[in-house]
>>> print(open('model_5.cif').read())   # mmCIF, C-alpha atoms
data_query
loop_
_atom_site.label_atom_id
_atom_site.label_comp_id
_atom_site.auth_asym_id
_atom_site.auth_seq_id
_atom_site.Cartn_x
_atom_site.Cartn_y
_atom_site.Cartn_z
CA MET A 2 29.61 46.14 -29.28
CA ILE A 3 27.30 47.32 -26.49
CA ILE A 4 27.42 51.00 -25.50
CA LYS A 5 25.60 53.26 -23.07
CA THR A 6 23.38 55.61 -25.03
CA ASN A 7 23.33 59.38 -24.94
CA GLN A 8 19.71 60.30 -24.31
CA SER A 9 20.07 63.46 -26.39
CA LEU A 10 20.54 61.29 -29.49
CA GLN A 11 18.15 59.20 -31.57
CA LEU A 12 18.84 55.84 -33.17
CA GLU A 13 19.18 57.63 -36.51
CA ASP A 14 22.08 59.62 -35.04
CA TYR A 15 23.91 56.40 -34.16
CA SER A 16 23.29 55.12 -37.66
CA LYS A 17 25.02 58.22 -39.07
CA ARG A 18 27.86 58.23 -36.58
CA TYR A 19 28.80 54.60 -37.11
CA GLN A 20 27.88 54.65 -40.79
CA ILE A 21 25.69 51.58 -40.59
CA PRO A 22 22.13 51.21 -41.91
CA LEU A 23 19.29 52.01 -39.54
CA LEU A 24 17.62 48.69 -40.33
CA THR A 25 20.57 46.71 -38.94
CA LEU A 26 20.47 48.78 -35.74
CA LEU A 27 16.76 48.12 -35.34
CA LEU A 28 17.12 44.38 -35.91
CA ALA A 29 20.21 44.10 -33.69
CA ASN A 30 18.32 45.68 -30.80
CA ASP A 31 14.86 44.22 -31.47
CA LEU A 32 13.46 47.74 -31.82
CA THR A 33 11.00 49.58 -34.06
CA LEU A 34 11.18 53.20 -35.13
CA ASN A 35 8.51 54.08 -32.57
CA ASP A 36 10.39 52.64 -29.57
CA ASP A 37 12.21 54.83 -27.07
CA LEU A 38 15.98 54.59 -27.10
CA PRO A 39 17.05 52.10 -24.40
CA ARG A 40 19.85 52.80 -21.94
CA TYR A 41 22.21 50.46 -23.80
CA ILE A 42 22.28 49.51 -27.46
CA LYS A 43 24.20 47.03 -29.61
CA ILE A 44 26.20 48.42 -32.53
CA PRO A 45 26.49 45.62 -35.14
CA GLY A 46 29.82 45.13 -36.87
CA TYR A 47 31.80 46.88 -34.14
CA SER A 48 33.79 45.66 -31.16
CA LEU A 49 35.15 47.74 -28.30
CA ARG A 50 38.93 47.59 -27.97
CA GLN A 51 41.13 48.88 -25.20
CA ILE A 52 44.30 50.62 -26.37
CA ALA A 53 47.24 51.96 -24.45
CA ASN A 54 49.13 53.47 -27.40
CA HIS A 55 47.71 56.96 -27.85
CA ASP A 56 49.24 57.25 -31.30
CA ASP A 57 46.38 55.07 -32.52
CA ILE A 58 43.80 57.74 -31.69
CA SER A 59 44.37 59.73 -34.86
CA ASP A 60 43.31 56.76 -37.00
CA PHE A 61 39.65 57.08 -36.02
CA PRO A 62 37.10 58.97 -38.17
CA THR A 63 36.29 62.48 -36.96
CA GLU A 64 32.55 61.72 -36.93
CA LEU A 65 33.19 59.17 -34.19
CA TRP A 66 34.99 61.54 -31.82
CA PRO A 67 31.85 62.60 -29.91
CA GLU A 68 31.06 58.92 -29.46
CA ILE A 69 34.60 58.08 -28.32
CA LEU A 70 34.44 60.81 -25.70
CA HIS A 71 31.07 59.53 -24.50
CA ILE A 72 32.25 55.91 -24.32
CA ASN A 73 35.28 56.94 -22.24
CA GLU A 74 33.17 59.29 -20.04
CA VAL A 75 35.22 62.42 -20.72
CA ASP A 76 34.36 65.82 -22.23
CA THR A 77 37.47 66.75 -24.17
CA ILE A 78 40.24 65.15 -26.20
CA GLN A 79 42.75 66.47 -23.67
CA GLN A 80 40.99 64.55 -20.89
CA LEU A 81 40.96 61.48 -23.13
CA GLU A 82 44.72 61.71 -23.69
CA GLU A 83 45.29 61.81 -19.94
CA LYS A 84 43.70 58.39 -19.48
CA ILE A 85 45.98 55.38 -19.23
CA ASN A 86 43.69 53.13 -21.22
CA ILE A 87 41.22 54.25 -23.85
CA PHE A 88 38.25 52.31 -25.23
CA MET A 89 37.78 52.65 -28.96
CA PRO A 90 35.04 51.32 -31.28
CA TYR A 91 36.60 49.15 -33.95
CA LYS A 92 34.92 48.11 -37.21
CA GLU A 93 35.58 44.42 -37.65
CA LYS A 94 36.57 42.90 -40.96
CA GLN A 95 35.39 39.59 -42.31
CA PHE A 96 36.98 36.53 -40.82
CA THR A 97 37.18 33.32 -42.81
CA TYR A 98 36.88 29.63 -42.09
CA HIS A 99 39.28 27.63 -44.19
CA ASP A 100 42.53 27.24 -42.26
CA THR A 101 41.86 23.81 -40.71
CA PRO A 102 39.20 21.07 -40.95
CA TYR A 103 35.95 22.52 -39.62
CA THR A 104 34.92 20.72 -36.43
CA TYR A 105 31.85 21.22 -34.27
CA ASP A 106 33.98 23.16 -31.76
CA ALA A 107 35.13 25.50 -34.54
CA LEU A 108 31.50 26.03 -35.52
CA CYS A 109 30.47 26.86 -31.94
CA HIS A 110 33.36 29.32 -31.62
CA ASP A 111 32.36 31.09 -34.83
CA LEU A 112 28.66 31.09 -33.97
CA HIS A 113 29.45 32.86 -30.71
CA ARG A 114 31.64 35.44 -32.41
CA LEU A 115 29.24 36.09 -35.28
CA ILE A 116 26.20 36.57 -33.06
CA ASN A 117 28.08 38.87 -30.68
CA LEU A 118 29.35 40.95 -33.58
CA TYR A 119 26.13 40.90 -35.61
CA PRO A 120 23.27 40.54 -33.12
CA PHE A 121 20.66 40.73 -35.88
CA ILE A 122 21.67 37.10 -36.53
CA LYS A 123 19.45 35.03 -34.25
CA LYS A 124 20.29 31.57 -32.88
CA HIS A 125 17.67 28.89 -32.16
CA LEU A 126 18.26 25.46 -30.62
CA ILE A 127 16.38 22.93 -32.75
CA GLY A 128 17.64 19.62 -31.36
CA HIS A 129 20.57 17.47 -30.27
CA SER A 130 22.75 14.89 -31.93
CA VAL A 131 22.95 11.29 -30.72
CA CYS A 132 25.85 12.30 -28.44
CA GLY A 133 24.03 15.35 -27.15
CA LYS A 134 25.67 18.08 -29.24
CA GLU A 135 23.38 21.06 -29.76
CA ILE A 136 22.09 21.61 -33.29
CA TYR A 137 21.37 25.26 -34.04
CA GLU A 138 19.41 27.16 -36.61
CA LEU A 139 20.59 30.67 -37.45
CA THR A 140 18.25 33.21 -38.99
CA ILE A 141 19.06 36.50 -40.69
CA GLY A 142 16.56 38.95 -42.14
CA CYS A 143 13.01 40.03 -41.39
CA GLY A 144 11.18 39.34 -44.65
CA LYS A 145 8.07 37.28 -45.29
CA ARG A 146 9.83 34.96 -47.77
CA GLN A 147 11.37 32.13 -45.77
CA LEU A 148 14.28 30.23 -47.32
CA HIS A 149 16.32 27.43 -45.76
CA ILE A 150 19.85 26.10 -46.32
CA ASN A 151 21.55 23.26 -44.46
CA ALA A 152 25.02 21.73 -44.61
CA GLY A 153 27.22 19.23 -42.82
CA MET A 154 24.74 16.36 -43.13
CA HIS A 155 27.54 13.93 -43.99
CA GLY A 156 30.57 13.67 -41.74
CA ASN A 157 33.20 13.79 -44.47
CA GLU A 158 31.51 16.79 -46.12
CA TRP A 159 32.38 19.22 -43.31
CA ILE A 160 33.72 21.74 -45.84
CA THR A 161 30.08 22.58 -46.69
CA THR A 162 29.64 23.99 -43.17
CA ALA A 163 32.69 26.21 -43.57
CA ILE A 164 31.39 27.43 -46.93
CA LEU A 165 27.95 28.25 -45.52
CA MET A 166 29.34 30.03 -42.45
CA ASN A 167 31.64 32.08 -44.63
CA PHE A 168 28.63 33.16 -46.70
CA LEU A 169 26.69 34.14 -43.57
CA ASN A 170 29.67 36.18 -42.38
CA GLU A 171 29.94 37.98 -45.71
CA TYR A 172 26.17 38.62 -45.72
CA ALA A 173 26.46 40.26 -42.28
CA VAL A 174 29.42 42.38 -43.38
CA ALA A 175 27.58 43.49 -46.51
CA VAL A 176 24.50 44.75 -44.67
CA THR A 177 26.58 46.78 -42.19
CA ASP A 178 28.94 48.39 -44.70
CA PHE A 179 27.65 51.02 -47.14
CA ASN A 180 30.76 50.52 -49.29
CA HIS A 181 30.40 46.78 -49.74
CA LEU A 182 29.80 45.69 -53.33
CA TRP A 183 26.68 43.76 -52.34
CA HIS A 184 25.32 46.32 -49.87
CA SER A 185 22.19 47.56 -51.64
CA TYR A 186 21.23 44.10 -52.81
CA MET A 187 21.77 42.49 -49.41
CA ILE A 188 19.81 45.20 -47.58
CA ARG A 189 16.87 44.45 -49.87
CA SER A 190 17.28 40.77 -49.05
CA LEU A 191 17.42 41.57 -45.33
CA LYS A 192 14.05 43.36 -45.67
CA ASN A 193 12.35 40.83 -47.91
CA VAL A 194 13.76 37.42 -46.89
CA THR A 195 14.19 35.49 -43.66
CA LEU A 196 17.07 33.11 -44.31
CA SER A 197 17.25 30.00 -42.13
CA ILE A 198 20.57 28.16 -41.83
CA VAL A 199 21.45 24.88 -40.13
CA ALA A 200 25.17 24.84 -40.72
CA MET A 201 26.02 21.41 -39.27
CA VAL A 202 23.29 18.78 -39.19
CA ASN A 203 25.64 15.94 -38.21
CA PRO A 204 28.12 17.21 -35.58
CA ASP A 205 29.02 13.75 -34.26
CA GLY A 206 29.80 12.45 -37.75
CA VAL A 207 31.85 15.53 -38.61
CA ASN A 208 34.00 15.23 -35.47
CA LEU A 209 34.44 11.51 -36.09
CA ALA A 210 35.56 12.07 -39.69
CA ILE A 211 38.07 14.74 -38.65
CA ASN A 212 39.39 13.49 -35.32
CA GLY A 213 38.73 9.74 -35.32
CA CYS A 214 37.08 7.55 -32.72
CA GLN A 215 39.30 8.62 -29.79
CA GLN A 216 36.75 11.36 -29.12
CA PHE A 217 34.15 8.65 -28.53
CA PRO A 218 35.91 6.09 -26.32
CA GLU A 219 32.67 4.43 -25.17
CA ARG A 220 31.73 3.83 -28.81
CA SER A 221 35.16 3.08 -30.26
CA PHE A 222 34.65 -0.71 -30.53
CA ASP A 223 31.38 -0.34 -32.48
CA LEU A 224 32.77 2.48 -34.62
CA LEU A 225 35.81 0.46 -35.64
CA LYS A 226 33.57 -2.47 -36.51
CA MET A 227 31.32 -0.26 -38.68
CA ASN A 228 34.45 1.17 -40.31
CA ASN A 229 35.69 -2.34 -41.23
CA GLY A 230 38.49 -2.14 -38.68
CA ARG A 231 40.03 1.00 -40.19
CA THR A 232 41.30 3.59 -37.74
CA ASP A 233 41.12 6.31 -40.40
CA PHE A 234 37.60 7.77 -40.37
CA ALA A 235 38.18 10.52 -42.95
CA ASN A 236 35.64 8.94 -45.34
CA TRP A 237 32.92 8.50 -42.71
CA LYS A 238 29.54 9.86 -43.96
CA ALA A 239 27.02 8.55 -41.44
CA ASN A 240 26.04 9.78 -38.01
CA ILE A 241 27.62 8.22 -34.92
CA ARG A 242 25.22 5.24 -35.08
CA GLY A 243 26.25 4.40 -38.65
CA ILE A 244 23.10 5.74 -40.29
CA ASP A 245 23.24 7.95 -43.38
CA LEU A 246 21.13 10.98 -42.45
CA ASN A 247 20.35 11.89 -46.06
CA LYS A 248 18.72 8.48 -46.58
CA GLN A 249 16.48 8.80 -43.52
CA PHE A 250 13.60 10.84 -44.86
CA PRO A 251 10.24 9.22 -45.73
CA ALA A 252 10.40 9.82 -49.47
CA ALA A 253 10.76 6.45 -51.23
CA TRP A 254 12.84 5.41 -48.20
CA HIS A 255 12.18 1.72 -48.84
CA ILE A 256 14.14 1.83 -52.12
CA GLU A 257 17.31 2.92 -50.33
CA ALA A 258 16.69 0.56 -47.41
CA ASP A 259 16.28 -2.47 -49.68
CA ARG A 260 19.28 -2.02 -51.93
CA LEU A 261 21.98 -0.56 -49.68
CA ASN A 262 23.71 -1.69 -46.50
CA HIS A 263 21.45 -3.56 -44.11
CA VAL A 264 23.56 -2.94 -41.04
CA PRO A 265 25.10 0.24 -39.60
CA ALA A 266 28.13 1.33 -41.59
CA ALA A 267 30.31 4.30 -42.47
CA ARG A 268 27.92 5.09 -45.32
CA ASP A 269 24.78 3.98 -47.18
CA TYR A 270 22.73 2.52 -44.35
CA ALA A 271 19.24 4.06 -44.31
CA GLY A 272 18.33 2.75 -40.84
CA SER A 273 15.66 0.31 -39.69
CA ASN A 274 12.96 2.90 -40.38
CA PRO A 275 12.81 6.49 -41.59
CA LEU A 276 13.09 9.32 -39.07
CA THR A 277 14.79 7.28 -36.36
CA GLU A 278 17.71 9.68 -35.87
CA PRO A 279 17.50 12.83 -33.72
CA GLU A 280 19.40 14.94 -36.24
CA VAL A 281 16.83 14.15 -38.95
CA LYS A 282 13.93 14.67 -36.55
CA ALA A 283 15.30 18.11 -35.73
CA LEU A 284 15.28 19.13 -39.42
CA VAL A 285 11.80 17.72 -39.99
CA GLN A 286 10.36 19.47 -36.92
CA LEU A 287 11.98 22.74 -37.95
CA THR A 288 10.53 22.47 -41.46
CA LYS A 289 7.06 21.68 -40.17
CA LYS A 290 7.25 24.62 -37.78
CA ARG A 291 8.22 27.15 -40.45
CA ASN A 292 6.86 28.04 -43.84
CA PHE A 293 9.88 27.57 -46.10
CA GLN A 294 9.24 28.53 -49.70
CA ARG A 295 12.44 26.81 -50.82
CA VAL A 296 15.19 24.63 -49.32
CA ILE A 297 18.78 23.86 -50.30
CA SER A 298 20.98 21.10 -48.89
CA LEU A 299 24.72 21.47 -49.50
CA HIS A 300 26.80 18.35 -50.11
CA THR A 301 30.02 17.39 -51.92
CA GLN A 302 31.10 16.67 -54.61
CA GLY A 303 30.45 16.84 -58.39
CA GLU A 304 29.36 20.44 -59.18
CA GLU A 305 25.81 19.29 -59.82
CA ILE A 306 22.36 20.58 -58.91
CA TYR A 307 19.60 18.04 -58.21
CA TRP A 308 16.15 19.60 -58.41
CA TYR A 309 13.66 16.91 -59.42
CA PHE A 310 11.57 14.45 -57.42
CA GLY A 311 8.81 13.01 -59.50
CA LYS A 312 5.35 14.44 -60.14
CA ASN A 313 5.41 16.63 -57.05
CA THR A 314 8.25 18.76 -58.40
CA PRO A 315 6.93 22.30 -58.88
CA PHE A 316 7.10 23.87 -62.32
CA GLU A 317 9.50 26.66 -61.25
CA SER A 318 12.19 24.26 -59.98
CA LYS A 319 13.71 23.81 -63.42
CA ALA A 320 14.03 27.56 -64.03
CA ILE A 321 15.60 28.08 -60.61
CA SER A 322 18.10 25.26 -61.16
CA ASN A 323 18.99 26.72 -64.55
CA GLU A 324 19.72 30.08 -62.96
CA PHE A 325 21.86 28.42 -60.29
CA ALA A 326 23.71 26.65 -63.10
CA ARG A 327 24.14 29.87 -65.10
CA VAL A 328 25.78 31.80 -62.28
CA SER A 329 27.97 28.94 -61.02
CA GLY A 330 28.83 26.74 -63.99
CA TYR A 331 27.33 23.73 -62.18
CA GLN A 332 25.29 21.16 -64.08
CA PRO A 333 21.54 20.79 -63.36
CA VAL A 334 20.53 17.12 -63.15
CA LYS A 335 16.91 16.00 -63.42
CA HIS A 336 16.96 12.24 -63.01
CA LEU A 337 19.03 10.64 -60.28
CA ASP A 338 18.73 7.12 -58.89
CA ASN A 339 18.84 8.35 -55.30
CA TYR A 340 16.01 8.72 -52.79
CA ALA A 341 15.05 9.48 -49.18
CA GLY A 342 17.00 12.74 -49.03
CA PHE A 343 15.95 16.00 -47.39
CA LYS A 344 15.12 17.76 -50.67
CA ASP A 345 13.12 14.70 -51.82
CA TRP A 346 11.00 14.77 -48.68
CA PHE A 347 10.49 18.54 -48.88
CA ILE A 348 9.32 18.39 -52.51
CA GLN A 349 7.05 15.44 -51.74
CA GLU A 350 5.48 17.01 -48.65
CA TYR A 351 5.22 20.67 -49.63
CA LYS A 352 5.33 20.62 -53.45
CA ARG A 353 7.79 23.49 -53.31
CA PRO A 354 11.29 23.76 -54.81
CA GLY A 355 14.03 21.81 -53.08
CA PHE A 356 17.63 21.36 -54.19
CA THR A 357 20.63 19.20 -53.35
CA ILE A 358 23.78 20.94 -54.50
CA GLU A 359 27.01 18.98 -54.78
CA LEU A 360 29.88 21.42 -54.23
CA GLY A 361 33.33 21.10 -55.79
CA ARG A 362 35.09 18.30 -57.59
CA GLY A 363 37.42 15.59 -56.38
CA LYS A 364 37.36 12.98 -53.65
CA ASN A 365 35.71 13.50 -50.28
CA PRO A 366 36.75 15.01 -48.01
CA LEU A 367 37.62 17.83 -50.40
CA SER A 368 40.91 19.59 -49.80
CA LEU A 369 40.90 23.01 -48.15
CA ARG A 370 43.17 24.13 -50.97
CA LYS A 371 40.01 24.17 -53.09
CA PHE A 372 38.09 26.31 -50.60
CA ALA A 373 38.35 29.64 -52.43
CA THR A 374 37.21 28.19 -55.76
CA ILE A 375 34.34 26.26 -54.19
CA TYR A 376 33.26 29.28 -52.20
CA MET A 377 33.16 31.64 -55.19
CA LYS A 378 30.89 29.30 -57.16
CA THR A 379 28.68 28.47 -54.18
CA LYS A 380 28.36 32.14 -53.24
CA ARG A 381 26.87 32.89 -56.65
CA ILE A 382 24.24 30.19 -56.11
CA LEU A 383 23.40 31.42 -52.61
CA LEU A 384 23.08 35.00 -53.87
CA ALA A 385 20.84 33.85 -56.71
CA ASN A 386 18.76 31.96 -54.16
CA LEU A 387 17.90 35.28 -52.52
CA TYR A 388 16.61 36.94 -55.69
CA MET A 389 14.94 33.98 -57.44
#
>>> encode(input="model_5.cif", output="C-alpha cells")
Amino acid sequence: MIIKTNQSLQLEDYSKRYQIPLLTLLLANDLTLNDDLPRYIKIPGYSLRQIANHDDISDFPTELWPEILHINEVDTIQQLEEKINIFMPYKEKQFTYHDTPYTYDALCHDLHRLINLYPFIKKHLIGHSVCGKEIYELTIGCGKRQLHINAGMHGNEWITTAILMNFLNEYAVAVTDFNHLWHSYMIRSLKNVTLSIVAMVNPDGVNLAINGCQQFPERSFDLLKMNNGRTDFANWKANIRGIDLNKQFPAAWHIEADRLNHVPAARDYAGSNPLTEPEVKALVQLTKKRNFQRVISLHTQGEEIYWYFGKNTPFESKAISNEFARVSGYQPVKHLDNYAGFKDWFIQEYKRPGFTIELGRGKNPLSLRKFATIYMKTKRILLANLYM
C-alpha cells in the first residue's frame, strides 16, 4: 500500500500506527533512520481497499482512525461518513499456492502480488530460459550472511516452487506481524541474513510438464520425439531442449555424460558439454556474482538430504545436514552415485556447504494432496537454514 505522508509524523509514528516493525518500513522504502520522510511511503503487508458499506468502518482499530481520515482527505468521522466511497487500509493475510499445478504464469502472478504487498522483497532478473521466459531472483533481508535456495530445476518437480514461494510468503507475513509465532526469530534473520531465492529455474520444462507440448507448437514435433511419442509430458524433467539442468554443471560432468542418455530426452541427458543451457548459466553467473555462504537446491522425492561431494566438502556440512534431518525427519545421505548437480559444483568451486534436498515421498509429479505435509517438513529445514 502506498500512502501520502503527513509531514508532522515520523516513520516511527507510522510503525506504531500500523503495528509493523520499523525495520520493515525502512527496507520497504529503501530508507535509513537519518533520511527525511518522503512525500509517499509504502506500508508493507497492507493494501488499500475501497468500501461502500459504511458498516465496515467500525471494524478498524482505533489507532488507525487518524490515518484513515488522512488517507480520505477529511478531518472528522462525520465527513468520512458523508463520502460515497471510503478507502481503508487492510492488513492482508497469507495466501497459499497449492490449489492447482504451479505454472510459470502462476509464479509471475504471485511474484507481482508478493512484491507489491511486501516491497522489502526485491526482484532481480538473472537470465532467460531457452524460450525467453524471464528467470528471477528474489532477495529478502539485509544481513551480511548470504544464503541461496533454488527450486523448479526439473519440470515435473514444480511443487518445489510452490513450497518455496509459500515459505517466502510466510516469512514476509512473520516480519510484518508482531503476533506471528516466528516474529522475533524472523526479524533477527531479516537483520542478519540476505536470503536469495530462484523459485523456478526451468520455466519451460515446468510448463511443458503441466500443460503439454501444445504451448510450444513450433517445437511439438521434436518434443514428441524426445518423449518417445507420448503426448503426456507429466514426467518430463529436462528443459525444453531435452537437457537435464541438474546434470549440466562442471563437477564430474563427464561421468553423467558417459553413462546416461546420449541424445536429448525427457530426462537424464547431460548435454554435449557442461554449461550449454541458459538456465544453468544464469545460476552460475548469479553464484559467481554473489558471496553465498551456503546453497540449497530443492527437488523431489525421497525425503533425503544430500550434502557430500568428495574431498572439497567442508567439515560443517555433516552437522548442518544432521540438524536439517533432526527438525524434518529426513534422512541425510553421504554417498550418492550422482554428479554434475548444482550443489556438487558449488561445493567443488567454493568449498562451502551445499545441499540437495529431496522433498516428499511418492512418484513424481507429487500430488498436491501431499502439499501440507511436504510444506511442514520443508519449512522446518528452511527455518533451520537461517539459524545454522
>>> closest_residue(input="model_5.cif", among="A:Gln294, A:Ser197, A:Gln8, A:Ser221", to="Ala152 in chain A", atoms="all atoms listed in the file")
A:Ser197
>>> atom_distance(input="model_5.cif", atom1="CA of Tyr309 in chain A", atom2="CA of Asn151 in chain A")
18.1 Å
>>> resolve_selection(input="model_5.cif", expression="the PyMOL selection byres ((chain A and resi 226) around 12)", output="ChimeraX atom specification")
/A:214,220-225,227-232,234,242-243,264-267
>>> write_last_selection(input="model_5.cif", atoms="C-alpha atoms", output="CSV table (one decimal), keeping the file's coordinate frame")
chain,number,residue,atom,x,y,z
A,214,CYS,CA,37.1,7.6,-32.7
A,220,ARG,CA,31.7,3.8,-28.8
A,221,SER,CA,35.2,3.1,-30.3
A,222,PHE,CA,34.6,-0.7,-30.5
A,223,ASP,CA,31.4,-0.3,-32.5
A,224,LEU,CA,32.8,2.5,-34.6
A,225,LEU,CA,35.8,0.5,-35.6
A,227,MET,CA,31.3,-0.3,-38.7
A,228,ASN,CA,34.4,1.2,-40.3
A,229,ASN,CA,35.7,-2.3,-41.2
A,230,GLY,CA,38.5,-2.1,-38.7
A,231,ARG,CA,40.0,1.0,-40.2
A,232,THR,CA,41.3,3.6,-37.7
A,234,PHE,CA,37.6,7.8,-40.4
A,242,ARG,CA,25.2,5.2,-35.1
A,243,GLY,CA,26.2,4.4,-38.6
A,264,VAL,CA,23.6,-2.9,-41.0
A,265,PRO,CA,25.1,0.2,-39.6
A,266,ALA,CA,28.1,1.3,-41.6
A,267,ALA,CA,30.3,4.3,-42.5
>>> resolve_selection(input="model_5.cif", expression="the PyMOL selection byres ((chain A and resi 116-119) around 12)", output="PyMOL selection string")
chain A and resi 2-3+21+25-30+43-49+91-96+109-115+120-125+139-142+166+169-177
>>> resolve_selection(input="model_5.cif", expression="the PyMOL selection byres ((chain A and resi 72) around 9)", output="list in words")
Ile4, Lys5, Thr6, Pro67, Glu68, Ile69, Leu70, His71, Asn73, Glu74, Val75, Phe88, Met89 and Pro90 of chain A
>>> write_last_selection(input="model_5.cif", atoms="C-alpha atoms", output="PDB file, in the coordinates of the input")
ATOM      1  CA  ILE A   4      27.420  51.000 -25.500  1.00  0.00           C
ATOM      2  CA  LYS A   5      25.600  53.260 -23.070  1.00  0.00           C
ATOM      3  CA  THR A   6      23.380  55.610 -25.030  1.00  0.00           C
ATOM      4  CA  PRO A  67      31.850  62.600 -29.910  1.00  0.00           C
ATOM      5  CA  GLU A  68      31.060  58.920 -29.460  1.00  0.00           C
ATOM      6  CA  ILE A  69      34.600  58.080 -28.320  1.00  0.00           C
ATOM      7  CA  LEU A  70      34.440  60.810 -25.700  1.00  0.00           C
ATOM      8  CA  HIS A  71      31.070  59.530 -24.500  1.00  0.00           C
ATOM      9  CA  ASN A  73      35.280  56.940 -22.240  1.00  0.00           C
ATOM     10  CA  GLU A  74      33.170  59.290 -20.040  1.00  0.00           C
ATOM     11  CA  VAL A  75      35.220  62.420 -20.720  1.00  0.00           C
ATOM     12  CA  PHE A  88      38.250  52.310 -25.230  1.00  0.00           C
ATOM     13  CA  MET A  89      37.780  52.650 -28.960  1.00  0.00           C
ATOM     14  CA  PRO A  90      35.040  51.320 -31.280  1.00  0.00           C
TER      15      PRO A  90
END
>>> closest_residue(input="model_5.cif", among="A:Leu287, A:Lys344, A:Asn7, A:Ser273", to="Tyr41 in chain A", atoms="all atoms listed in the file")
A:Asn7
>>> closest_residue(input="model_5.cif", among="A:Gln51, A:Thr195, A:Ser318, A:Gln302", to="Met389 in chain A", atoms="all atoms listed in the file")
A:Ser318
>>> residues_around(input="model_5.cif", residues="Val328 in chain A", least_positions_apart="6", cutoff="8 Å", atoms="only C-alpha atoms", output="list in words")
Lys378, Arg381, Ile382 and Ala385 of chain A
>>> atom_distance(input="model_5.cif", atom1="CA of Asn240 in chain A", atom2="CA of Leu360 in chain A")
20.3 Å
>>> residues_near_point(input="model_5.cif", point="(14.8, 18.5, -44.9)", cutoff="6 Å", atoms="only C-alpha atoms", output="count of residues only")
5
>>> residues_around(input="model_5.cif", residues="Gly128 in chain A", least_positions_apart="3", cutoff="8 Å", atoms="all atoms listed in the file", output="PyMOL selection string")
chain A and resi 135-137+279-280+283
>>> closest_residue(input="model_5.cif", among="A:Leu261, A:Ile358, A:Leu182, A:Val281", to="Glu304 in chain A", atoms="only C-alpha atoms")
A:Ile358
>>> atom_distance(input="model_5.cif", atom1="CA of Leu23 in chain A", atom2="CA of Leu148 in chain A")
23.7 Å
